[in-house]
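Read the structure below first, then the notes.
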Amino acid sequence: MHLFEYLLRDFINVEKKSHRDSLILIHDILSTNKRMTSRILNSTGDKNKEPKTSKWWTGDVWKILLILKEYRKDIHFFTIDCAPTGLLCCSCLNPFSDILEKNYFDIIKKYASIEFSLDKVSSI
């Protein structure tokens, strides 16, 4: 699933099995247009006006960047602009952290309605 709430849950569970020197890699993190970030696979749009990259679906997993920046300042993360939709690398993990888990439902509520814009992602 390319939905941020599933990715957040997966991240929480993977981090529990990690250690400080582990590296979590997340693909499909760098969307280039709004259509790619639809929560619905094969969303409709004017394909004649869409960029070539619109054939890829990233869902709204890009929101994990905003979530980690807000809730987990202790995690080091950076993106790699690799084809077709980028990669997020996370290190300095803490398997004992429960910040994301304790705030899971509040995070879902807060980020569910946030719309994609290149400005939001490029500012990270």
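Ligands are numbered from 1 in the order shown, chains are lettered A, B, ... in the order of the structure tokens, and residues start at 1 in each chain.
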
Within 8 Å of range 61-84 of chain A, which residues of range 11-40 of chain A show up? Give each one with its shortest atom-to-atom distance in Å (one decimal) and the two atoms involved, counting only C-alpha atoms, rows by chain then rising residue number, as JSON lines.
{"residue": "A:Asp28", "atom": "CA", "partner": "A:Val61", "partner_atom": "CA", "distance": 7.3}
{"residue": "A:Ile29", "atom": "CA", "partner": "A:Trp62", "partner_atom": "CA", "distance": 4.9}
{"residue": "A:Leu30", "atom": "CA", "partner": "A:Trp62", "partner_atom": "CA", "distance": 6.6}
{"residue": "A:Ser31", "atom": "CA", "partner": "A:Trp62", "partner_atom": "CA", "distance": 7.2}
{"residue": "A:Thr37", "atom": "CA", "partner": "A:Val61", "partner_atom": "CA", "distance": 7.9}

Assign secondary structure with DSSP using the backbone only, and return the residues of chain A in alpha helix (DSSP H) as an MDAnalysis selection string. chainID A and resid 4:16 63:71 99:102 104:112 118:122

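Remark: for Glu115 in chain A, the closest of the candidate residues A:Met36, A:Ser22, A:Leu88, A:Pro95 is A:Met36 (distances computed over only C-alpha atoms).
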
Close residues, Glu101 in chain A itself excluded, 10 Å, only C-alpha atoms, min 5 positions apart in chain, as number ranges by chain: A: 8-9, 11-13, 106-107

Residue subset to file, keeping C-alpha atoms, as a CSV table (one decimal), in the first residue's frame:
chain,number,residue,atom,x,y,z
A,8,LEU,CA,4.0,4.9,9.2
A,9,ARG,CA,2.8,1.7,10.9
A,11,PHE,CA,8.2,2.2,9.9
A,12,ILE,CA,7.2,1.9,13.6
A,13,ASN,CA,7.4,-1.9,13.5
A,106,ASP,CA,-3.2,12.0,16.0
A,107,ILE,CA,-0.6,11.9,13.2

Smallest atom-to-atom distance to Arg35 in chain A: which of A:Lys55, A:Leu23, A:Glu5, A:Cys89, using only C-alpha atoms? A:Lys55

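Computed from the coordinates, the CA of Asp60 in chain A to CA of Glu15 in chain A distance equals 20.4 Å.
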
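Distances to His19 in chain A were evaluated for A:Asn33, A:Ser91, A:Asn103, A:Thr58 using only C-alpha atoms, and the minimum falls at A:Ser91.
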
If you run DSSP over the backbone, which residues in chain A end up strand (DSSP E)? Put them as a PyMOL selection string. chain A and resi 24-27+76-80+87-91
